[in-house]
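S.K.: Submitted below is the structure of interest, expressed as structure tokens.
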Amino acid sequence: MEKLANATLGGGCFWCLEAVYSRIDGVKAIAPGFAGGSNPAPTYEQVCSGETGHAEVIQISFDPEKTSYETLLDWFWRCHDPTTLNRQGGDVGTQYRSVIFYENEMQKTAAYESKKAAGRSAIFENPIVTEISELPEFFPAEDYHHDYYSNNSNAGYCTYVIQPKLEKLKLE
């Protein structure tokens, strides 16, 4: 019986992150949702208002025997721009912030070390602004957000934002 671990990450629209991480070996399940805000039961519409303090995130269930938390963090730095505050492309607001929510001390240490390494790598021209915080509570998004790219690949956002990202990362 496999023992799964979780990673909770935000890097813009959760549809984009879900599409990327669903293609990573060892990832068993992904739940889009919200974390880091004040509303005890946020909806997508409330989070989109920018007034709840929540970020759009994905919670990844992965098999640590097949992929490591550090590998997931490596993909995190590659699949979004961690140098833009509260923005990814046309998605603007605190709900689109770059954030790593850790669940334990091992994840906390790994997140800080990974951020330092990414900052030293010269990949990014500007300083990394990614927030690293303890996961307060994860709230799953409404059902229609799950597997959004797989179920809506011809939708405009998928065609113009997600598909080019997957191609750039050689994941399509």
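By convention in this document, the chains of the structure tokens carry letters A, B, ... by their order, each chain's residues are numbered from 1, and ligands are numbered from 1 in the order they are shown.
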Neighbours of Gly93 (chain A) within 10 Å (only C-alpha atoms; same-chain residues fewer than 6 positions away dropped), as a ChimeraX atom specification?
M.R.: /A:12,47-51,53,55,85-87
S.K.: Quick one: residues within 9 Å of region 124-127 of chain A, only C-alpha atoms counted, chain neighbours fewer than 3 positions away excluded, as a PyMOL selection string?
M.R.: chain A and resi 81-84+118-121
S.K.: Pull the alpha helix (DSSP H) assignments for chain A out of DSSP run on the backbone, and list those residues as a PyMOL selection string.
M.R.: chain A and resi 14-21+44-48+69-78+105-120+148-151+156-157+163-168
S.K.: Find the residues of region 134-167 of chain A that sit at most 9 Å from region 101-105 of chain A; for each, write down the nearest two atoms and how far apart they are in Å, to one decimal. Count only C-alpha atoms. Sort by chain, then by number going up, and give it as a tab-separated table.
M.R.:
```
residue	atom	partner	partner_atom	distance
A:Glu134	CA	A:Tyr102	CA	4.9
A:Leu135	CA	A:Phe101	CA	4.7
A:Pro136	CA	A:Phe101	CA	8.2
```
S.K.: Got a sec: who's within 12 Å of Val161 (chain A), counting only C-alpha atoms, leaving out chain neighbours fewer than 5 positions off, as a list in words?
M.R.: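 Once the adjacent positions are removed, what remains is Gly12, Cys13, Trp15, Cys16, Leu17, Ala19, Val20, Cys79, His80, Gln88, Gly89, Gly90, Asp91, Tyr149, Ser153, Asn154, Ala155, Gly156, Leu166, Glu167 and Lys168 of chain A.
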S.K.: Apply DSSP to the structure's backbone, then extract all residues of chain A labelled strand (DSSP E) and return them as a PyMOL selection string.
M.R.: chain A and resi 5-11+27-35+55-62+87-88+91-92+98-102+131-134+138-140
S.K.: With only C-alpha atoms as the atoms that count, which of A:Ala7, A:Ala141, A:Ala41, A:Val129 lies nearest to Leu72 (chain A)?
M.R.: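 Ranking A:Ala7, A:Ala141, A:Ala41, A:Val129 by distance to Leu72 (chain A), first place goes to A:Ala7.
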S.K.: Using only C-alpha atoms for the distances, tell me which of A:Phe34, A:Tyr112, A:Phe62, A:Tyr160 is nearest to Leu9 (chain A).
M.R.: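 Closest to Leu9 (chain A) of all the choices is A:Phe34.
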S.K.: Restricting the calculation to only C-alpha atoms: of A:Asp74, A:Glu56, A:Glu2, A:Asp147, which residue gets closest to Gly36 (chain A)?
M.R.: A:Glu56
S.K.: CA of Val92 (chain A) and CA of Lys165 (chain A), how far apart in Å?
M.R.: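 Going from CA of Lys165 (chain A) over to CA of Val92 (chain A) covers 17.7 Å.
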S.K.: Pick out the closest residue to Thr130 (chain A) from this set: A:Asn151, A:Arg97, A:Asp143, A:Thr109. Count only C-alpha atoms.
M.R.: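 Among the listed residues, A:Arg97 lies closest to Thr130 (chain A).
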S.K.: Hey, which of A:Glu18, A:Glu137, A:Glu172, A:Glu142 ends up closest to Phe76 (chain A)? Count only C-alpha atoms.
M.R.: A:Glu18
S.K.: Quote the spacing between CA of Ser133 (chain A) and CA of Ile100 (chain A) in Å to one decimal place.
M.R.: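 The value is 6.4 Å.
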S.K.: Go through A:Ala31, A:Ile24, A:Leu4, A:Ala117 one by one, measure the shortest atom-to-atom distance of each to Trp77 (chain A) using only C-alpha atoms, and give the residue with the smallest value.
M.R.: A:Ala117
S.K.: So what do you get for CA of Ala111 (chain A) versus CA of Lys170 (chain A), distance-wise?
M.R.: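 CA of Lys170 (chain A) lies at a distance of 24.3 Å from CA of Ala111 (chain A).
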